[in-house]
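Worksheet for the structure shown next.
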Amino acid sequence: MAAAAASPRFSALGARGNRGGRRPALSASGTAEPSGLRFPPPPRAEAWKIASAPGATSSKKASSQINSLPDSDDFFHEKVPTPMLDVIESPTNVKNLSTKELRQLADEIRLELSSVLRKAQKPLKASLAVIELTVAIHHVFHAPADKILWDVGEQAYAHKMLTGRRYLMNIMRQKDGLSGFTSRSESEYDPFGAGHGCSSISAGLGMAVARDMKGKRERILTVISNGTTMAGQVYEAMSNAGYLDSDMIVILNDSRHSLHPNVEEGPTTSINALSSTLSKLQSSKSFRKFREVAKGVTKKIGRGMHEWAAKVDEFARGMMGPPGSTLFEELGLYYIGPVNGHNIEDLVCVLQEVASLNSMGPVLIHVVTEENQGIERSQQSETGVDVGEGMSDIIRNSALFVFQWNTRTYSDCFVEALVRKAESDKDVVMVHGGAEVEPSFQLFREKFPDKFFDVGMAEQHAVTFSAGLSCGGLKPFCVIPSAFLQRAFDQVVHDVDRQRIPVRFVITSAGLVGSNGPVQCGAFDITFMSCLPNMIVMAPSDEDELVDMVETAAIVDDRPICFRYPRGAIVRTDKSLSQGIPIEIGKGRILAEGKDVALLGYGSMVQNCVKARSLLSKLGIEVTVADARFCKPLDIGLLRELCENHAFLVTVEEGSIGGFGSHVAQFIALDGRLDGRIKWRPIVLPDAYVEHASPNEQLSLAGLTGHHIAATVLSLLGRTREALLLMC
């Protein structure tokens, strides 16, 4: 496959030398060696590129990300040497390491990864908790022949470092850089893309069944976490895996997470010498063979004896395992654990035993990890000083080595408005589903702990639970990020909209989401919510309208209603939050008037329409800017006024094809407006997934900036040359 040109954002090392580790060499053709990354001995200072080897997907046509080293002196300036990590070219180099060397490798990965994530201002805990587990997995299994699937992108960072992507970690989630998730197009070591969690067992089971049908022998291993076990798909997949009985390994990374704030008061899974010994016994060949022989003998004796023996076996294994372990046995998975997730010797022993078994069926290995593992130690090792008690508390509690800036976000404004509403209306409650709770929402949780319900990654339940609350006389605000709401669409249709139950959907992270790229991009909610017959669909153009829409949603009691807002800072930060005023349903507004062109913006894109108007006014073009506010029902009067008074109408939205612009087109076509002099053009997100980059870079890639809108208007007016100059 031909290599793509390196991004201009990155440059080669040139003559600065190799200060922090070895780099892959280029082949004579200037591309990376097909086998992956190759490391020349230091101190060579050649440019290098990274390319995915064939086999990463079912077709060799999968694209590869090809980049040069980032142009950054800081990248190679490591205060702590990493001699063991420096010799790891690929997982193959991990195979022959001793237990002591594996521990050293894990420590070095923790030091470097914590440094990279701190500089990128990214959370640390989930990434650092699985380092020993990742090292043990790659020591025992043979990727990419063996398939390793991850449910959570953040937990795969150490996996990326061990699979040839170490030197691109500091440009992860940046334009043309590494994805923050596993990606089939990025590496052959990523057999399946990690997105919103809960998918790895289903995908892994599909791969296992395909392997069996094709007569192959590779091992399938999936890693899930506490958070993803909130999703029903995990248990659906486990149940089906138990029924099909295909060989696969599920590792539950138990970081002792809970949705309940006082979890520390409850029982925790203990790890001691006895549990370690029992885990090794459970995974051993001799124990498994003895268990299978015993099953066969009792079957021959009779059904009653077999059933009695099965109950004894279940009871005994329940006594050996922690509370709840028999759940996995009931689903058909052979339970092993708990295993200390930071004891490499135990991990390797258990994984080797499991990997050596044939026709074992599905196995679940319960691995207990600590998210704070090594955080303070890595901080002190890198800086050479004690971070102090105060900073250690910040690290423990927030997992972010970054101070909070005084930037107010849309979520801040929403929560403040909802708190104000809940203080005056005792029926207002908040249900949160999807990703982890944003820090902004803690304000509502603290003020109204009995009215805040966090269900975790169980969006389907969140929607129907909210419907039940509404039927009981409460006013639920169901808060779910746009990308996560997609999983609950069936519940939105049947449990809410079809029954006209007044659930108030608050769709966060709507539109482009910067470094999280297409995985958490909220591109489709306008389209799939506005197609529902009974749903009121609206979007604020700024924080003042957001507050007004909270008030509006609270008083609607005869049908469901939703509003979306983007991730990031609010429009104006120099003013206090206004008192909310309910908006008349289906009424937009005109912000500025002109006679040449009408720009009809929806949601946050209204601000970019205002910017486009400013640019066009300098070219002598008079522009009307209107704020639609509602996608459904549309402001028919406003649309007719814009069509009558202008020759050109442009609709702008940060959503996919089929959304606001399509509703406008449907109306003006049926109303006969397109038969007259009006010319209409839609500006929407491209019909493609917008890759990770900064928010401004993504808007530019999507053609949604003020300059792009102005250029569209100029092209519509036949002033193509000026449109091109505007984009230069």
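Residue numbers start at 1 in each chain; chains themselves are named A, B, ... in the order of the structure tokens; ligands are numbered from 1 in the order shown.
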Mind checking which residues fall within 12 Å of Thr712 of chain A, counting only C-alpha atoms, ignoring those fewer than 2 positions away in the same chain, and posting them as a PDB file with N, CA, C and O atoms, in the first residue's frame?
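Below is the file result.pdb, written as the result:
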```
ATOM      1  N   VAL A 597     -29.019  38.469   1.446  1.00  0.00           N
ATOM      2  CA  VAL A 597     -28.970  37.038   1.757  1.00  0.00           C
ATOM      3  C   VAL A 597     -29.483  36.821   3.175  1.00  0.00           C
ATOM      4  O   VAL A 597     -29.243  37.649   4.064  1.00  0.00           O
ATOM      5  N   LEU A 599     -29.229  34.195   6.373  1.00  0.00           N
ATOM      6  CA  LEU A 599     -28.562  33.067   7.017  1.00  0.00           C
ATOM      7  C   LEU A 599     -29.441  32.610   8.178  1.00  0.00           C
ATOM      8  O   LEU A 599     -29.686  33.377   9.116  1.00  0.00           O
ATOM      9  N   CYS A 609     -22.764  32.274  11.967  1.00  0.00           N
ATOM     10  CA  CYS A 609     -23.507  33.070  10.986  1.00  0.00           C
ATOM     11  C   CYS A 609     -23.275  34.566  11.232  1.00  0.00           C
ATOM     12  O   CYS A 609     -23.148  35.355  10.285  1.00  0.00           O
ATOM     13  N   ALA A 612     -19.931  35.379   9.878  1.00  0.00           N
ATOM     14  CA  ALA A 612     -19.981  35.452   8.411  1.00  0.00           C
ATOM     15  C   ALA A 612     -20.602  36.770   7.961  1.00  0.00           C
ATOM     16  O   ALA A 612     -20.148  37.376   6.982  1.00  0.00           O
ATOM     17  N   ARG A 613     -21.610  37.226   8.663  1.00  0.00           N
ATOM     18  CA  ARG A 613     -22.250  38.506   8.314  1.00  0.00           C
ATOM     19  C   ARG A 613     -21.244  39.649   8.419  1.00  0.00           C
ATOM     20  O   ARG A 613     -21.217  40.552   7.572  1.00  0.00           O
ATOM     21  N   LEU A 616     -18.971  39.503   5.398  1.00  0.00           N
ATOM     22  CA  LEU A 616     -19.659  39.868   4.156  1.00  0.00           C
ATOM     23  C   LEU A 616     -20.011  41.356   4.111  1.00  0.00           C
ATOM     24  O   LEU A 616     -20.057  41.952   3.023  1.00  0.00           O
ATOM     25  N   PHE A 648     -31.852  34.696  -1.568  1.00  0.00           N
ATOM     26  CA  PHE A 648     -31.004  33.560  -1.207  1.00  0.00           C
ATOM     27  C   PHE A 648     -31.208  33.231   0.271  1.00  0.00           C
ATOM     28  O   PHE A 648     -31.204  34.113   1.132  1.00  0.00           O
ATOM     29  N   LEU A 649     -31.349  31.930   0.556  1.00  0.00           N
ATOM     30  CA  LEU A 649     -31.495  31.437   1.928  1.00  0.00           C
ATOM     31  C   LEU A 649     -30.475  30.330   2.162  1.00  0.00           C
ATOM     32  O   LEU A 649     -30.391  29.375   1.392  1.00  0.00           O
ATOM     33  N   VAL A 650     -29.697  30.475   3.216  1.00  0.00           N
ATOM     34  CA  VAL A 650     -28.686  29.475   3.579  1.00  0.00           C
ATOM     35  C   VAL A 650     -28.981  29.003   5.001  1.00  0.00           C
ATOM     36  O   VAL A 650     -29.072  29.820   5.929  1.00  0.00           O
ATOM     37  N   THR A 651     -29.166  27.701   5.181  1.00  0.00           N
ATOM     38  CA  THR A 651     -29.341  27.133   6.522  1.00  0.00           C
ATOM     39  C   THR A 651     -28.021  26.531   6.986  1.00  0.00           C
ATOM     40  O   THR A 651     -27.298  25.919   6.202  1.00  0.00           O
ATOM     41  N   VAL A 652     -27.722  26.715   8.261  1.00  0.00           N
ATOM     42  CA  VAL A 652     -26.433  26.272   8.806  1.00  0.00           C
ATOM     43  C   VAL A 652     -26.683  25.502  10.104  1.00  0.00           C
ATOM     44  O   VAL A 652     -27.371  25.993  11.005  1.00  0.00           O
ATOM     45  N   TRP A 680     -32.053  28.140  -2.260  1.00  0.00           N
ATOM     46  CA  TRP A 680     -31.712  27.632  -0.924  1.00  0.00           C
ATOM     47  C   TRP A 680     -30.466  26.753  -0.984  1.00  0.00           C
ATOM     48  O   TRP A 680     -30.293  25.961  -1.900  1.00  0.00           O
ATOM     49  N   ARG A 681     -29.578  26.922   0.015  1.00  0.00           N
ATOM     50  CA  ARG A 681     -28.397  26.081   0.135  1.00  0.00           C
ATOM     51  C   ARG A 681     -28.236  25.645   1.589  1.00  0.00           C
ATOM     52  O   ARG A 681     -28.331  26.469   2.496  1.00  0.00           O
ATOM     53  N   PRO A 682     -27.990  24.358   1.825  1.00  0.00           N
ATOM     54  CA  PRO A 682     -27.746  23.891   3.200  1.00  0.00           C
ATOM     55  C   PRO A 682     -26.247  23.789   3.483  1.00  0.00           C
ATOM     56  O   PRO A 682     -25.450  23.432   2.609  1.00  0.00           O
ATOM     57  N   ILE A 683     -25.856  24.092   4.696  1.00  0.00           N
ATOM     58  CA  ILE A 683     -24.493  23.830   5.174  1.00  0.00           C
ATOM     59  C   ILE A 683     -24.625  22.905   6.381  1.00  0.00           C
ATOM     60  O   ILE A 683     -25.207  23.275   7.404  1.00  0.00           O
ATOM     61  N   VAL A 684     -24.114  21.692   6.241  1.00  0.00           N
ATOM     62  CA  VAL A 684     -24.211  20.676   7.283  1.00  0.00           C
ATOM     63  C   VAL A 684     -22.841  20.031   7.468  1.00  0.00           C
ATOM     64  O   VAL A 684     -21.881  20.348   6.754  1.00  0.00           O
ATOM     65  N   GLY A 703     -16.096  22.632   7.242  1.00  0.00           N
ATOM     66  CA  GLY A 703     -16.628  23.746   6.468  1.00  0.00           C
ATOM     67  C   GLY A 703     -17.702  24.531   7.191  1.00  0.00           C
ATOM     68  O   GLY A 703     -18.646  25.030   6.566  1.00  0.00           O
ATOM     69  N   LEU A 704     -17.567  24.681   8.508  1.00  0.00           N
ATOM     70  CA  LEU A 704     -18.595  25.340   9.305  1.00  0.00           C
ATOM     71  C   LEU A 704     -18.114  26.621   9.978  1.00  0.00           C
ATOM     72  O   LEU A 704     -18.819  27.159  10.838  1.00  0.00           O
ATOM     73  N   THR A 705     -16.940  27.113   9.638  1.00  0.00           N
ATOM     74  CA  THR A 705     -16.463  28.360  10.229  1.00  0.00           C
ATOM     75  C   THR A 705     -17.178  29.549   9.594  1.00  0.00           C
ATOM     76  O   THR A 705     -17.839  29.425   8.550  1.00  0.00           O
ATOM     77  N   GLY A 706     -17.018  30.721  10.206  1.00  0.00           N
ATOM     78  CA  GLY A 706     -17.593  31.929   9.626  1.00  0.00           C
ATOM     79  C   GLY A 706     -17.075  32.192   8.230  1.00  0.00           C
ATOM     80  O   GLY A 706     -17.818  32.634   7.341  1.00  0.00           O
ATOM     81  N   HIS A 707     -15.791  31.917   8.002  1.00  0.00           N
ATOM     82  CA  HIS A 707     -15.202  32.108   6.673  1.00  0.00           C
ATOM     83  C   HIS A 707     -15.834  31.163   5.647  1.00  0.00           C
ATOM     84  O   HIS A 707     -16.089  31.563   4.499  1.00  0.00           O
ATOM     85  N   HIS A 708     -16.075  29.916   6.049  1.00  0.00           N
ATOM     86  CA  HIS A 708     -16.690  28.968   5.120  1.00  0.00           C
ATOM     87  C   HIS A 708     -18.122  29.373   4.775  1.00  0.00           C
ATOM     88  O   HIS A 708     -18.550  29.255   3.618  1.00  0.00           O
ATOM     89  N   ILE A 709     -18.845  29.837   5.771  1.00  0.00           N
ATOM     90  CA  ILE A 709     -20.223  30.271   5.514  1.00  0.00           C
ATOM     91  C   ILE A 709     -20.226  31.475   4.575  1.00  0.00           C
ATOM     92  O   ILE A 709     -21.016  31.536   3.620  1.00  0.00           O
ATOM     93  N   ALA A 710     -19.330  32.421   4.838  1.00  0.00           N
ATOM     94  CA  ALA A 710     -19.246  33.603   3.974  1.00  0.00           C
ATOM     95  C   ALA A 710     -18.850  33.218   2.554  1.00  0.00           C
ATOM     96  O   ALA A 710     -19.378  33.763   1.573  1.00  0.00           O
ATOM     97  N   LEU A 714     -20.782  33.917  -1.032  1.00  0.00           N
ATOM     98  CA  LEU A 714     -20.144  34.551  -2.192  1.00  0.00           C
ATOM     99  C   LEU A 714     -20.273  33.674  -3.437  1.00  0.00           C
ATOM    100  O   LEU A 714     -20.528  34.180  -4.540  1.00  0.00           O
ATOM    101  N   SER A 715     -20.103  32.375  -3.278  1.00  0.00           N
ATOM    102  CA  SER A 715     -20.258  31.462  -4.413  1.00  0.00           C
ATOM    103  C   SER A 715     -21.693  31.471  -4.920  1.00  0.00           C
ATOM    104  O   SER A 715     -21.939  31.430  -6.132  1.00  0.00           O
ATOM    105  N   LEU A 716     -22.631  31.552  -3.997  1.00  0.00           N
ATOM    106  CA  LEU A 716     -24.043  31.593  -4.367  1.00  0.00           C
ATOM    107  C   LEU A 716     -24.370  32.863  -5.152  1.00  0.00           C
ATOM    108  O   LEU A 716     -25.216  32.859  -6.053  1.00  0.00           O
ATOM    109  N   LEU A 717     -23.639  33.933  -4.843  1.00  0.00           N
ATOM    110  CA  LEU A 717     -23.841  35.210  -5.537  1.00  0.00           C
ATOM    111  C   LEU A 717     -23.032  35.311  -6.828  1.00  0.00           C
ATOM    112  O   LEU A 717     -23.059  36.337  -7.502  1.00  0.00           O
ATOM    113  N   GLY A 718     -22.278  34.231  -7.120  1.00  0.00           N
ATOM    114  CA  GLY A 718     -21.471  34.243  -8.331  1.00  0.00           C
ATOM    115  C   GLY A 718     -20.134  34.930  -8.186  1.00  0.00           C
ATOM    116  O   GLY A 718     -19.442  35.165  -9.183  1.00  0.00           O
ATOM    117  N   ARG A 719     -19.723  35.212  -6.979  1.00  0.00           N
ATOM    118  CA  ARG A 719     -18.450  35.901  -6.728  1.00  0.00           C
ATOM    119  C   ARG A 719     -17.416  34.865  -6.264  1.00  0.00           C
ATOM    120  O   ARG A 719     -16.910  34.898  -5.147  1.00  0.00           O
ATOM    121  N   THR A 720     -17.122  33.950  -7.170  1.00  0.00           N
ATOM    122  CA  THR A 720     -16.278  32.799  -6.846  1.00  0.00           C
ATOM    123  C   THR A 720     -14.864  33.206  -6.473  1.00  0.00           C
ATOM    124  O   THR A 720     -14.259  32.651  -5.543  1.00  0.00           O
ATOM    125  N   ARG A 721     -14.306  34.170  -7.183  1.00  0.00           N
ATOM    126  CA  ARG A 721     -12.922  34.589  -6.918  1.00  0.00           C
ATOM    127  C   ARG A 721     -12.789  35.141  -5.495  1.00  0.00           C
ATOM    128  O   ARG A 721     -11.835  34.819  -4.781  1.00  0.00           O
ATOM    129  N   GLU A 722     -13.750  35.950  -5.087  1.00  0.00           N
ATOM    130  CA  GLU A 722     -13.714  36.497  -3.736  1.00  0.00           C
ATOM    131  C   GLU A 722     -13.886  35.396  -2.700  1.00  0.00           C
ATOM    132  O   GLU A 722     -13.297  35.455  -1.610  1.00  0.00           O
ATOM    133  N   ALA A 723     -14.679  34.382  -3.034  1.00  0.00           N
ATOM    134  CA  ALA A 723     -14.852  33.252  -2.121  1.00  0.00           C
ATOM    135  C   ALA A 723     -13.535  32.513  -1.914  1.00  0.00           C
ATOM    136  O   ALA A 723     -13.182  32.143  -0.786  1.00  0.00           O
ATOM    137  N   LEU A 724     -12.794  32.324  -2.997  1.00  0.00           N
ATOM    138  CA  LEU A 724     -11.502  31.645  -2.895  1.00  0.00           C
ATOM    139  C   LEU A 724     -10.503  32.482  -2.107  1.00  0.00           C
ATOM    140  O   LEU A 724      -9.737  31.956  -1.288  1.00  0.00           O
ATOM    141  N   LEU A 726     -11.176  34.587   0.205  1.00  0.00           N
ATOM    142  CA  LEU A 726     -11.585  34.602   1.604  1.00  0.00           C
ATOM    143  C   LEU A 726     -11.071  33.379   2.348  1.00  0.00           C
ATOM    144  O   LEU A 726     -10.797  33.439   3.551  1.00  0.00           O
ATOM    145  N   MET A 727     -10.909  32.261   1.645  1.00  0.00           N
ATOM    146  CA  MET A 727     -10.468  31.026   2.283  1.00  0.00           C
ATOM    147  C   MET A 727      -8.960  30.879   2.303  1.00  0.00           C
ATOM    148  O   MET A 727      -8.437  29.914   2.856  1.00  0.00           O
TER     149      MET A 727
END
```
Report task. Name all residues at most 9 Å from Met549 of chain A (count only C-alpha atoms; drop same-chain ones fewer than 3 positions away) and give them as a ChimeraX atom specification. Result -> /A:538-540,544-546,552-554,563,580-583
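Put simply, atom CA of Ile109 of chain A is 13.9 Å away from atom CA of Ala126 of chain A.
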Query raised in the report: So how many Å separate atom CA of Gly676 of chain A and atom CA of Leu638 of chain A, to one decimal?
Result: 17.2 Å
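Take atom CA of Arg504 of chain A and atom CA of Ala462 of chain A: the distance between them is 11.9 Å.
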Within segment 70-200 of chain A, find each residue whose DSSP state, derived from the backbone, is strand (DSSP E), and express the selection as an mmCIF file with C-alpha atoms, in the first residue's frame.
```
data_model
loop_
_atom_site.group_PDB
_atom_site.id
_atom_site.type_symbol
_atom_site.label_atom_id
_atom_site.label_comp_id
_atom_site.auth_asym_id
_atom_site.auth_seq_id
_atom_site.Cartn_x
_atom_site.Cartn_y
_atom_site.Cartn_z
ATOM 1 C CA LYS A 147 -6.809 -10.933 18.862
ATOM 2 C CA ILE A 148 -6.800 -8.515 21.821
ATOM 3 C CA LEU A 149 -9.895 -6.328 22.112
ATOM 4 C CA TRP A 150 -10.424 -3.415 24.504
#
```
Query raised in the report: Got a sec: who's within 8 Å of Leu85 of chain A, counting only C-alpha atoms, leaving out chain neighbours fewer than 2 positions off, as number ranges by chain?
Result: A: 82-83, 87-88, 105, 108-109
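Using only C-alpha atoms, the nearest neighbour of Gln698 of chain A within the list A:Ser482, A:Thr508, A:Ser515, A:Gln104 is A:Ser515.
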Report summary line: Min atom-atom distance to Ala626 of chain A from the set A:Gln666, A:Ser356, A:Ser694, A:Ser541, counting only C-alpha atoms, belongs to A:Ser541
Report task. Step one, run DSSP on the backbone; step two, keep only residues of segment 125-218 of chain A assigned to alpha helix (DSSP H); then write them as a VMD selection string. Result -> chain A and resid 125 to 129 131 to 140 157 to 160 200 to 214
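With distances restricted to only C-alpha atoms, A:Ser440 is the closest residue to Ser411 of chain A from A:Ser617, A:Asn516, A:Ser183, A:Ser440.
Minimum distance to Phe414 of chain A across A:Met605, A:Val429, A:Val437, A:Val506 (counting only C-alpha atoms) occurs at A:Val506.
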Query raised in the report: Do you know which residues are at most 7 Å from segment 152-163 of chain A counting only C-alpha atoms, after dropping those on the same chain fewer than 2 positions away, and could you put them as a PyMOL selection string?
Result: chain A and resi 88+90-91+109+126-127+130-131+134+150+165-166+180-182+189+194-195+197
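Distances here use only C-alpha atoms; by that measure, the residue among A:Val571, A:Val368, A:Ile536, A:Val492 closest to Glu584 of chain A is A:Ile536.
Of the residues under consideration (A:Cys471, A:Leu642, A:Leu168, A:Val479), A:Val479 shows the shortest atom-to-atom contact distance to Phe453 of chain A when counting only C-alpha atoms.
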